[in-house]
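Everything on this sheet refers to the single structure shown next.
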Number of protein chains: 2
Amino acid sequence: MEKEAKATLDSFLGLVRKIRSYDEAIGLMHWDLRTGAPRKGAEQRSEVIGMLSAEDFKLRISDEMGSYLEALTRPDTYEGLDDISRRIVDECKKEYDENKSIPAEKFQEFMVLSSHSQTIWEEAKAKSDFAMLEPNLTKLVGMLKEFIGYWGVKGTPYDTLLDRYEPDMTVEKLDQVFSKLRDRLVPLVEAIAASPNKPDTSFLDQLFEQEQQAKMSRFILGEMGYDFEAGRLDESVHPFATGLNPGDVRITTHYLQDDVTSALFSSLHEGGHALYEQNVSKELAGTPLAQGTSMGIHESQSRLWENMIGRSRAFWERYYADLQQHFPQQLKDVQLDDFYRAVNRVENSLIRIESDELTYNLHIIIRYEIEKLLFNEGLEVKDLPKVWNEKYEQYLGITPPSDSLGVLQDVHWSGGDFGYFASYSLGNMYAAQIMNTLRKEMPELDQHIKEGNLAPIREWLTEKIYRYGKSRKPSEIILQVTGEELNPDYLADYLETKYKEIYQL
Amino acid sequence: MEKEAKATLDSFLGLVRKIRSYDEAIGLMHWDLRTGAPRKGAEQRSEVIGMLSAEDFKLRISDEMGSYLEALTRPDTYEGLDDISRRIVDECKKEYDENKSIPAEKFQEFMVLSSHSQTIWEEAKAKSDFAMLEPNLTKLVGMLKEFIGYWGVKGTPYDTLLDRYEPDMTVEKLDQVFSKLRDRLVPLVEAIAASPNKPDTSFLDQLFEQEQQAKMSRFILGEMGYDFEAGRLDESVHPFATGLNPGDVRITTHYLQDDVTSALFSSLHEGGHALYEQNVSKELAGTPLAQGTSMGIHESQSRLWENMIGRSRAFWERYYADLQQHFPQQLKDVQLDDFYRAVNRVENSLIRIESDELTYNLHIIIRYEIEKLLFNEGLEVKDLPKVWNEKYEQYLGITPPSDSLGVLQDVHWSGGDFGYFASYSLGNMYAAQIMNTLRKEMPELDQHIKEGNLAPIREWLTEKIYRYGKSRKPSEIILQVTGEELNPDYLADYLETKYKEIYQL
């Protein structure tokens, strides 16, 4: 590589590190707002986040960035780059081209608004008052429609949003995949509803001390290999994981006294996200590649740990005794098999994050369809509660008794994250497909889980997925790991096998 | 005011708000590092802090700032400014002139180094290993000597550092004030040592549950009027208060199972700092005036609440029963008067933050003299433990058995804060002088305290001091509130009266 090109590359990587510094500071401020920042400082904090996000954004679309990218993408220079640098250049170039057209002040306005709206959402949800949040949501949707114009419409306007979370994903593909999945899952859900062999879940309707729940969450996270010296566990209204840097990947959960499974499985879930980011290769630290490659692949890891491992019989053969020790009074007379069946009960319910792994996909399809209506077919924000409730009745046969149990249950829209929800079902499908390969390559998998020997699983995933961070695309990952493209049949196969056994179909 | 000048002022205030945004983000990252950030992310975090601090610094000395200041300090424009704007201009101008000469990369290096050194300090202190910290301290002192050159030597090089924390304070003045104070306190300390009437403190040597201590700290902070909706209480190795914005003023404490007084009085102390910043006038928010006017005045408020109120007999007449309720087993047989005398015991001890309000000033004089030696007389960092131990032997008659109980006990130097320590004794002197005025203007003061009616005190302090933030200079504050300049006799009078009674001299 020429000396001049080397100097340009170094300057470029310096700028990239600076941008990551802004990201880390902004990430910490978001984490703080959601885990315990005092209420009276929140408005000013939103302004600060907006201000620094605007600076961050300015750097991403700066003339400096533009000239580095121009120099580094010249064919002879580009060919001479090492693999990692080339991926960083690709990533920055894609983002640069996408964002160059958005005026910085618009972006700042959007960031202030979305940060502020998340704070309002917490209160609106607590009061079940959609009208409190509506003006902000309307503004967010309006601004996103404007941004879609800047970004360029791909197929349909909504495609442009989908692509932000799952590169190259489209309404056309999703309609196809979701319909295939629906065709196989709907009969299964119906058969389950008709089955007389329902798990007894009555023992879950007890009070479980929050302190003991916190201990159990910490224990399970430790067993998974979550590194507490490179992260921390806190409480927030809505559980989340945030990777500030590979040595600081934080997760949160929410302890409900009357539901021991909520924090338990959300810890496994967020722990899965965190394992991904904690195990990204060190050489990617400080670059935009030190994160999950897409929301869908990210979610595949949370789902794999939460459901395919955490809700497996093998897992509880090892850990049920520990859970009983944490709650002797509540669980001493409950048998392992009854516990396993209870935490896998299938039920048409209102809350996405508390729903089972089977009907979960229906919760996602509802959100996906509503977002399509909003961005492709002119649905107005004020009509969201009505449409939401209608779709819940149609798909799940239940109508939310209040907006806090309905349209206000998720933080995503108040944060401006439209187009994100589909990733959750993509995650389920990717997870099942990856798990199928893992099982073939590691025939002793169940034995490992039964012995609490989870390290080989984490290491296999690190070797195949985690270490690459964003240096490989989601489609590359899934093809290289499993040998084929996304195929929803693996999820359907897995769910059918598992639930036919549980419900004795 | 002319239209053009108005536009310049608005742009200037916008830039000032942006600088405050960086400050808030950096402040949060520091808070986070010290209250629970994971160890493995700390090094990267220090880099991020360094990067954003450099950006912050660049804005402060930017050509943009320079041209605004030039325009706004033109006599006709300056005269037309409102009081607040004029103060903001003064503040920024002073800082601009001071810092303009420091290259941004030097400043960034210093910020990275000091942030990183604080992390090393925690470990060095835990291991009592001064050698671990020495290379960093040597670099920090070297850089500060270089910075003094940039800032300009005032009187002596060390004066330049003092002035950063207490404007216009000099070695000449401090030598004078400290000598006057020493002349009155040394005989008092000697008389106390010779007194046969020592408080019985044996009942303090019990274990006090940390959870109960936390409850008591929260209760007392609530009584003082600390607004938990505009702040939060956490734990850290070294207690501190940090005002991120007037709606987010955080404090920390440190619960020691074998010392109930430590967290109790540090909460009162940090609570005093926090009351100051929570009660700065709203119109100053987002400006550099929304903070305490100097370290000395800031410290006067922590001292006033911790010692002059919190260690008064009147205070415990109201609150001792609450403390007993929190620790019935430990305190049920201890009388109020014995408790009052015990928490006011005078003892020559090793740790500054746990020392009594009388000998505290000797701890400060030691640090003040060592800093003078470092910056004015060529003392080398490697000799710090030796000089430290000699001075403790000379002034307090005790030699630290380890560096963690000696030269490593304070965070300040590892954070580059040389010149800061003197503020603590200045705080004591200011506090006594302010308290003397408060007592004259509010003859029912003791009665209020005895009734737990602390609001009138907080309101008086808000009216006289807090609301002004940094819009009045320390010398103005002390003159306007008390009618005279700093006078160490008030502190000496207060201490003599109090301790002659306690020790029956």
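Convention: chains lettered A, B, ... in structure tokens order; per-chain residue numbering from 1; ligands numbered from 1 as shown.
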(Q) If the cut-off is 6 Å, can you tell me the residues of chain B near chain A, counting only C-alpha atoms? I'd like them as a ChimeraX atom specification. (A) /B:21,38-41,48,229-231,247-248
Deliver the residues from the most recent selection as a file, using N, CA and C atoms, as a PDB file, in the first residue's frame.
ATOM      1  N   SER B  21     -23.520  20.993  26.892  1.00  0.00           N
ATOM      2  CA  SER B  21     -23.948  19.644  26.513  1.00  0.00           C
ATOM      3  C   SER B  21     -22.777  18.664  26.598  1.00  0.00           C
ATOM      4  N   PRO B  38     -18.411  -1.305  34.229  1.00  0.00           N
ATOM      5  CA  PRO B  38     -17.584  -2.512  34.272  1.00  0.00           C
ATOM      6  C   PRO B  38     -16.111  -2.210  33.992  1.00  0.00           C
ATOM      7  N   ARG B  39     -15.272  -2.923  34.732  1.00  0.00           N
ATOM      8  CA  ARG B  39     -13.825  -2.727  34.680  1.00  0.00           C
ATOM      9  C   ARG B  39     -13.259  -2.822  33.264  1.00  0.00           C
ATOM     10  N   LYS B  40     -13.722  -3.816  32.514  1.00  0.00           N
ATOM     11  CA  LYS B  40     -13.109  -4.053  31.207  1.00  0.00           C
ATOM     12  C   LYS B  40     -13.431  -2.981  30.164  1.00  0.00           C
ATOM     13  N   GLY B  41     -14.429  -2.143  30.465  1.00  0.00           N
ATOM     14  CA  GLY B  41     -14.745  -1.073  29.515  1.00  0.00           C
ATOM     15  C   GLY B  41     -14.096   0.247  29.881  1.00  0.00           C
ATOM     16  N   VAL B  48     -12.822   7.725  25.324  1.00  0.00           N
ATOM     17  CA  VAL B  48     -14.009   8.467  24.884  1.00  0.00           C
ATOM     18  C   VAL B  48     -14.094   9.805  25.619  1.00  0.00           C
ATOM     19  N   GLU B 229     -36.138  13.728  42.964  1.00  0.00           N
ATOM     20  CA  GLU B 229     -36.596  13.737  41.576  1.00  0.00           C
ATOM     21  C   GLU B 229     -35.666  14.573  40.701  1.00  0.00           C
ATOM     22  N   ALA B 230     -34.676  15.182  41.343  1.00  0.00           N
ATOM     23  CA  ALA B 230     -33.681  15.961  40.598  1.00  0.00           C
ATOM     24  C   ALA B 230     -32.283  15.481  40.990  1.00  0.00           C
ATOM     25  N   GLY B 231     -32.190  14.191  41.288  1.00  0.00           N
ATOM     26  CA  GLY B 231     -30.891  13.654  41.675  1.00  0.00           C
ATOM     27  C   GLY B 231     -31.016  12.193  42.068  1.00  0.00           C
ATOM     28  N   GLY B 247     -31.575  19.896  37.147  1.00  0.00           N
ATOM     29  CA  GLY B 247     -32.570  18.853  37.410  1.00  0.00           C
ATOM     30  C   GLY B 247     -31.935  17.491  37.624  1.00  0.00           C
ATOM     31  N   ASP B 248     -30.610  17.434  37.682  1.00  0.00           N
ATOM     32  CA  ASP B 248     -29.921  16.144  37.811  1.00  0.00           C
ATOM     33  C   ASP B 248     -28.605  16.340  38.560  1.00  0.00           C
TER      34      ASP B 248
END
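These are the residues of region 222-444 of chain A assigned strand (DSSP E) by DSSP from backbone coordinates: Leu233, Asp234, Glu235, Ala241, Thr242, Gly243, Leu244, Asn245, Asp248, Val249, Arg250, Ile251, Thr252 and Thr253 of chain A.
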Hey, what does DSSP flag as helix (DSSP H, G or I) within region 339-439 of chain B? Can you give it to me as a compact mmCIF listing (two decimals) with N, CA and C atoms, in the first residue's frame?
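Below is the file that was written, states-v8.txt:
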# COMPACT_ATOMS: atom_id res chain seq x y z
N PHE B 339 -24.23 10.49 72.43
CA PHE B 339 -24.11 10.39 70.97
C PHE B 339 -23.55 11.69 70.41
N TYR B 340 -24.11 12.81 70.87
CA TYR B 340 -23.66 14.13 70.39
C TYR B 340 -22.16 14.32 70.63
N ARG B 341 -21.73 13.98 71.84
CA ARG B 341 -20.30 14.15 72.16
C ARG B 341 -19.45 13.18 71.33
N ALA B 342 -19.93 11.97 71.12
CA ALA B 342 -19.15 10.97 70.38
C ALA B 342 -18.92 11.38 68.92
N ARG B 352 -8.39 12.01 56.01
CA ARG B 352 -9.00 13.34 55.94
C ARG B 352 -10.52 13.27 55.99
N ILE B 353 -11.13 12.43 55.13
CA ILE B 353 -12.59 12.49 55.04
C ILE B 353 -13.28 11.92 56.27
N GLU B 354 -12.52 11.26 57.13
CA GLU B 354 -13.14 10.76 58.36
C GLU B 354 -12.69 11.53 59.58
N TYR B 360 -9.38 18.61 60.97
CA TYR B 360 -9.50 18.58 59.50
C TYR B 360 -8.58 19.62 58.86
N ASN B 361 -8.55 20.79 59.49
CA ASN B 361 -7.75 21.86 58.91
C ASN B 361 -6.26 21.52 58.85
N LEU B 362 -5.79 20.67 59.77
CA LEU B 362 -4.39 20.24 59.72
C LEU B 362 -4.15 19.30 58.53
N HIS B 363 -5.12 18.44 58.27
CA HIS B 363 -5.01 17.57 57.08
C HIS B 363 -4.86 18.43 55.82
N ILE B 364 -5.59 19.52 55.78
CA ILE B 364 -5.54 20.40 54.60
C ILE B 364 -4.21 21.13 54.53
N ILE B 365 -3.75 21.62 55.68
CA ILE B 365 -2.48 22.36 55.68
C ILE B 365 -1.34 21.46 55.19
N ILE B 366 -1.36 20.18 55.57
CA ILE B 366 -0.36 19.23 55.08
C ILE B 366 -0.37 19.14 53.56
N ARG B 367 -1.56 18.98 52.99
CA ARG B 367 -1.67 18.85 51.54
C ARG B 367 -1.27 20.15 50.84
N TYR B 368 -1.69 21.24 51.43
CA TYR B 368 -1.34 22.56 50.88
C TYR B 368 0.18 22.73 50.84
N GLU B 369 0.84 22.37 51.92
CA GLU B 369 2.30 22.52 51.97
C GLU B 369 3.00 21.58 50.99
N ILE B 370 2.48 20.36 50.85
CA ILE B 370 3.09 19.41 49.91
C ILE B 370 2.92 19.90 48.47
N GLU B 371 1.75 20.42 48.16
CA GLU B 371 1.53 20.94 46.80
C GLU B 371 2.45 22.14 46.52
N LYS B 372 2.63 22.99 47.53
CA LYS B 372 3.57 24.11 47.37
C LYS B 372 4.96 23.58 47.06
N LEU B 373 5.38 22.53 47.79
CA LEU B 373 6.71 21.93 47.57
C LEU B 373 6.83 21.37 46.14
N LEU B 374 5.75 20.72 45.68
CA LEU B 374 5.76 20.10 44.34
C LEU B 374 5.90 21.14 43.24
N PHE B 375 5.14 22.22 43.38
CA PHE B 375 5.07 23.17 42.27
C PHE B 375 6.00 24.37 42.43
N ASN B 376 6.37 24.71 43.68
CA ASN B 376 7.24 25.89 43.86
C ASN B 376 8.66 25.51 44.24
N VAL B 381 7.70 13.60 42.64
CA VAL B 381 6.54 12.76 42.95
C VAL B 381 6.95 11.50 43.71
N LYS B 382 8.08 10.92 43.33
CA LYS B 382 8.51 9.68 43.99
C LYS B 382 8.72 9.87 45.50
N ASP B 383 8.97 11.12 45.91
CA ASP B 383 9.19 11.37 47.33
C ASP B 383 7.91 11.70 48.10
N LEU B 384 6.78 11.67 47.41
CA LEU B 384 5.51 12.04 48.06
C LEU B 384 5.20 11.20 49.30
N PRO B 385 5.32 9.86 49.23
CA PRO B 385 4.95 9.06 50.41
C PRO B 385 5.81 9.43 51.62
N LYS B 386 7.10 9.67 51.38
CA LYS B 386 8.02 10.00 52.46
C LYS B 386 7.62 11.35 53.11
N VAL B 387 7.47 12.38 52.26
CA VAL B 387 7.10 13.70 52.78
C VAL B 387 5.74 13.65 53.47
N TRP B 388 4.82 12.94 52.86
CA TRP B 388 3.47 12.78 53.43
C TRP B 388 3.57 12.24 54.86
N ASN B 389 4.30 11.13 54.99
CA ASN B 389 4.38 10.48 56.30
C ASN B 389 5.09 11.36 57.33
N GLU B 390 6.12 12.07 56.89
CA GLU B 390 6.83 12.98 57.80
C GLU B 390 5.91 14.08 58.32
N LYS B 391 5.12 14.63 57.41
CA LYS B 391 4.24 15.73 57.82
C LYS B 391 3.13 15.24 58.74
N TYR B 392 2.62 14.05 58.51
CA TYR B 392 1.60 13.52 59.41
C TYR B 392 2.18 13.31 60.80
N GLU B 393 3.43 12.87 60.83
CA GLU B 393 4.09 12.70 62.13
C GLU B 393 4.24 14.07 62.80
N GLN B 394 4.68 15.05 62.03
CA GLN B 394 4.96 16.39 62.56
C GLN B 394 3.68 17.11 63.03
N TYR B 395 2.60 17.06 62.22
CA TYR B 395 1.40 17.85 62.54
C TYR B 395 0.40 17.10 63.41
N LEU B 396 0.35 15.79 63.22
CA LEU B 396 -0.69 15.03 63.91
C LEU B 396 -0.13 13.95 64.82
N ASP B 403 0.40 3.22 52.52
CA ASP B 403 0.05 4.34 51.64
C ASP B 403 -1.44 4.44 51.38
N SER B 404 -2.14 3.31 51.50
CA SER B 404 -3.58 3.43 51.26
C SER B 404 -4.25 4.23 52.38
N LEU B 405 -3.62 4.25 53.56
CA LEU B 405 -4.10 5.10 54.66
C LEU B 405 -3.34 6.42 54.68
N HIS B 412 -8.03 13.14 44.43
CA HIS B 412 -7.75 14.42 43.76
C HIS B 412 -6.52 14.43 42.86
N TRP B 413 -5.39 14.02 43.41
CA TRP B 413 -4.15 14.16 42.62
C TRP B 413 -4.18 13.27 41.39
N SER B 414 -4.76 12.07 41.52
CA SER B 414 -4.81 11.19 40.35
C SER B 414 -5.73 11.77 39.28
N GLY B 415 -6.62 12.67 39.68
CA GLY B 415 -7.48 13.34 38.71
C GLY B 415 -6.87 14.66 38.22
N ALA B 422 -6.96 23.33 49.31
CA ALA B 422 -7.11 24.51 50.16
C ALA B 422 -8.58 24.92 50.30
N SER B 423 -9.35 24.65 49.22
CA SER B 423 -10.77 25.04 49.23
C SER B 423 -11.52 24.46 50.42
N TYR B 424 -11.10 23.28 50.87
CA TYR B 424 -11.82 22.65 51.98
C TYR B 424 -11.75 23.50 53.24
N SER B 425 -10.55 24.02 53.55
CA SER B 425 -10.46 24.86 54.74
C SER B 425 -11.10 26.21 54.51
N LEU B 426 -10.97 26.72 53.29
CA LEU B 426 -11.69 27.95 52.96
C LEU B 426 -13.18 27.74 53.20
N GLY B 427 -13.66 26.57 52.82
CA GLY B 427 -15.07 26.24 53.03
C GLY B 427 -15.45 26.32 54.49
N ASN B 428 -14.61 25.77 55.36
CA ASN B 428 -14.88 25.84 56.80
C ASN B 428 -14.98 27.29 57.29
N MET B 429 -14.04 28.09 56.80
CA MET B 429 -14.03 29.50 57.25
C MET B 429 -15.22 30.27 56.72
N TYR B 430 -15.51 30.10 55.43
CA TYR B 430 -16.71 30.76 54.87
C TYR B 430 -17.97 30.30 55.61
N ALA B 431 -18.07 29.00 55.86
CA ALA B 431 -19.28 28.45 56.47
C ALA B 431 -19.52 29.08 57.84
N ALA B 432 -18.46 29.18 58.65
CA ALA B 432 -18.63 29.75 59.99
C ALA B 432 -19.05 31.22 59.91
N GLN B 433 -18.48 31.91 58.94
CA GLN B 433 -18.80 33.32 58.78
C GLN B 433 -20.25 33.51 58.32
N ILE B 434 -20.68 32.68 57.38
CA ILE B 434 -22.07 32.73 56.89
C ILE B 434 -23.04 32.33 58.02
N MET B 435 -22.68 31.31 58.77
CA MET B 435 -23.53 30.81 59.85
C MET B 435 -23.70 31.90 60.93
N ASN B 436 -22.67 32.67 61.14
CA ASN B 436 -22.73 33.76 62.12
C ASN B 436 -23.78 34.80 61.70
N THR B 437 -23.82 35.09 60.39
CA THR B 437 -24.82 36.04 59.88
C THR B 437 -26.23 35.44 59.95
N LEU B 438 -26.33 34.18 59.52
CA LEU B 438 -27.63 33.49 59.55
C LEU B 438 -28.21 33.52 60.97
N ARG B 439 -27.37 33.26 61.94
CA ARG B 439 -27.80 33.23 63.34
C ARG B 439 -28.31 34.60 63.79
**Q.** Long-range neighbours of Glu476 (chain A) as an NGL selection string, 12 Å cut-off, only C-alpha atoms, 5 positions minimum in chain
**A.** :A and (167 or 293-294 or 297 or 464-465 or 468 or 470-471 or 481-486)
(Q) Would you pick out the contacts of Val171 (chain B) at 9 Å or less, using only C-alpha atoms, so that residues sharing its chain but fewer than 6 positions from it are not included, and give the list as a PyMOL selection string? (A) chain B and resi 155-156+158-159+162+372
Since we have the selection now, will you write its residues out, keeping all heavy atoms, as a PDB file, in the first residue's frame?
ATOM      1  N   GLY B 155       2.332  35.505  40.805  1.00  0.00           N
ATOM      2  CA  GLY B 155       3.047  35.441  42.082  1.00  0.00           C
ATOM      3  C   GLY B 155       4.002  34.256  42.069  1.00  0.00           C
ATOM      4  O   GLY B 155       5.160  34.371  41.680  1.00  0.00           O
ATOM      5  N   THR B 156       3.510  33.093  42.475  1.00  0.00           N
ATOM      6  CA  THR B 156       4.314  31.867  42.382  1.00  0.00           C
ATOM      7  C   THR B 156       3.590  30.918  41.440  1.00  0.00           C
ATOM      8  O   THR B 156       2.395  31.077  41.183  1.00  0.00           O
ATOM      9  CB  THR B 156       4.456  31.176  43.755  1.00  0.00           C
ATOM     10  OG1 THR B 156       3.224  30.509  44.058  1.00  0.00           O
ATOM     11  CG2 THR B 156       4.787  32.182  44.868  1.00  0.00           C
ATOM     12  N   TYR B 158       2.495  27.983  41.939  1.00  0.00           N
ATOM     13  CA  TYR B 158       1.386  27.315  42.628  1.00  0.00           C
ATOM     14  C   TYR B 158       0.152  28.223  42.720  1.00  0.00           C
ATOM     15  O   TYR B 158      -0.981  27.737  42.687  1.00  0.00           O
ATOM     16  CB  TYR B 158       1.860  26.862  44.014  1.00  0.00           C
ATOM     17  CG  TYR B 158       0.835  26.086  44.827  1.00  0.00           C
ATOM     18  CD1 TYR B 158       0.061  25.080  44.264  1.00  0.00           C
ATOM     19  CD2 TYR B 158       0.663  26.371  46.186  1.00  0.00           C
ATOM     20  CE1 TYR B 158      -0.859  24.378  45.025  1.00  0.00           C
ATOM     21  CE2 TYR B 158      -0.253  25.668  46.962  1.00  0.00           C
ATOM     22  CZ  TYR B 158      -1.022  24.681  46.375  1.00  0.00           C
ATOM     23  OH  TYR B 158      -1.936  23.992  47.126  1.00  0.00           O
ATOM     24  N   ASP B 159       0.371  29.533  42.814  1.00  0.00           N
ATOM     25  CA  ASP B 159      -0.756  30.486  42.809  1.00  0.00           C
ATOM     26  C   ASP B 159      -1.660  30.271  41.610  1.00  0.00           C
ATOM     27  O   ASP B 159      -2.895  30.389  41.710  1.00  0.00           O
ATOM     28  CB  ASP B 159      -0.244  31.935  42.750  1.00  0.00           C
ATOM     29  CG  ASP B 159       0.321  32.416  44.078  1.00  0.00           C
ATOM     30  OD1 ASP B 159       0.588  31.549  44.935  1.00  0.00           O
ATOM     31  OD2 ASP B 159       0.520  33.622  44.254  1.00  0.00           O
ATOM     32  N   LEU B 162      -3.994  27.466  42.427  1.00  0.00           N
ATOM     33  CA  LEU B 162      -4.986  27.875  43.447  1.00  0.00           C
ATOM     34  C   LEU B 162      -6.106  28.697  42.818  1.00  0.00           C
ATOM     35  O   LEU B 162      -7.282  28.494  43.102  1.00  0.00           O
ATOM     36  CB  LEU B 162      -4.302  28.714  44.542  1.00  0.00           C
ATOM     37  CG  LEU B 162      -3.353  27.968  45.476  1.00  0.00           C
ATOM     38  CD1 LEU B 162      -2.594  28.965  46.369  1.00  0.00           C
ATOM     39  CD2 LEU B 162      -4.109  26.963  46.343  1.00  0.00           C
ATOM     40  N   LYS B 372       2.625  22.989  47.530  1.00  0.00           N
ATOM     41  CA  LYS B 372       3.570  24.115  47.373  1.00  0.00           C
ATOM     42  C   LYS B 372       4.962  23.581  47.064  1.00  0.00           C
ATOM     43  O   LYS B 372       5.665  24.086  46.185  1.00  0.00           O
ATOM     44  CB  LYS B 372       3.629  24.934  48.681  1.00  0.00           C
ATOM     45  CG  LYS B 372       2.774  26.181  48.699  1.00  0.00           C
ATOM     46  CD  LYS B 372       3.267  27.235  49.699  1.00  0.00           C
ATOM     47  CE  LYS B 372       3.373  26.718  51.124  1.00  0.00           C
ATOM     48  NZ  LYS B 372       3.747  27.761  52.099  1.00  0.00           N
TER      49      LYS B 372
END
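Each of A:Ile449, A:Ala124, A:Ile148, A:Leu358 was checked against Leu491 (chain A) using only C-alpha atoms; the smallest atom-to-atom distance is that of A:Leu358.
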Q: Would you please work out which residue, of B:Lys173, B:His298, B:Lys127, B:Lys215, is nearest to Ala263 (chain B) when using only C-alpha atoms?
A: B:Lys215
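Residue neighbourhood of Leu323 (chain B), excluding near-sequence residues (fewer than 5 positions): Met216, Pro328 and Leu331 of chain B, at 9 Å, using only C-alpha atoms.
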Those residues you just picked out, can you put them in a file as a compact mmCIF listing (two decimals), in the first residue's frame with all heavy atoms?
# COMPACT_ATOMS: atom_id res chain seq x y z
N MET B 216 -31.27 5.46 56.38
CA MET B 216 -31.07 6.66 57.20
C MET B 216 -30.52 7.81 56.33
O MET B 216 -30.97 8.95 56.46
CB MET B 216 -30.12 6.33 58.35
CG MET B 216 -29.99 7.42 59.38
SD MET B 216 -31.52 7.71 60.36
CE MET B 216 -31.16 9.33 61.07
N PRO B 328 -31.99 -0.01 66.57
CA PRO B 328 -32.44 -0.15 67.96
C PRO B 328 -31.46 -0.97 68.80
O PRO B 328 -31.16 -0.60 69.95
CB PRO B 328 -33.79 -0.86 67.82
CG PRO B 328 -33.81 -1.43 66.44
CD PRO B 328 -32.93 -0.56 65.61
N LEU B 331 -28.22 1.16 69.55
CA LEU B 331 -28.27 2.48 70.19
C LEU B 331 -29.30 2.64 71.30
O LEU B 331 -29.40 3.72 71.88
CB LEU B 331 -28.52 3.56 69.11
CG LEU B 331 -27.43 3.70 68.03
CD1 LEU B 331 -27.84 4.76 67.01
CD2 LEU B 331 -26.08 4.06 68.64
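When CA of Gln335 (chain B) is paired with CA of Val189 (chain B), their separation reads 25.6 Å.
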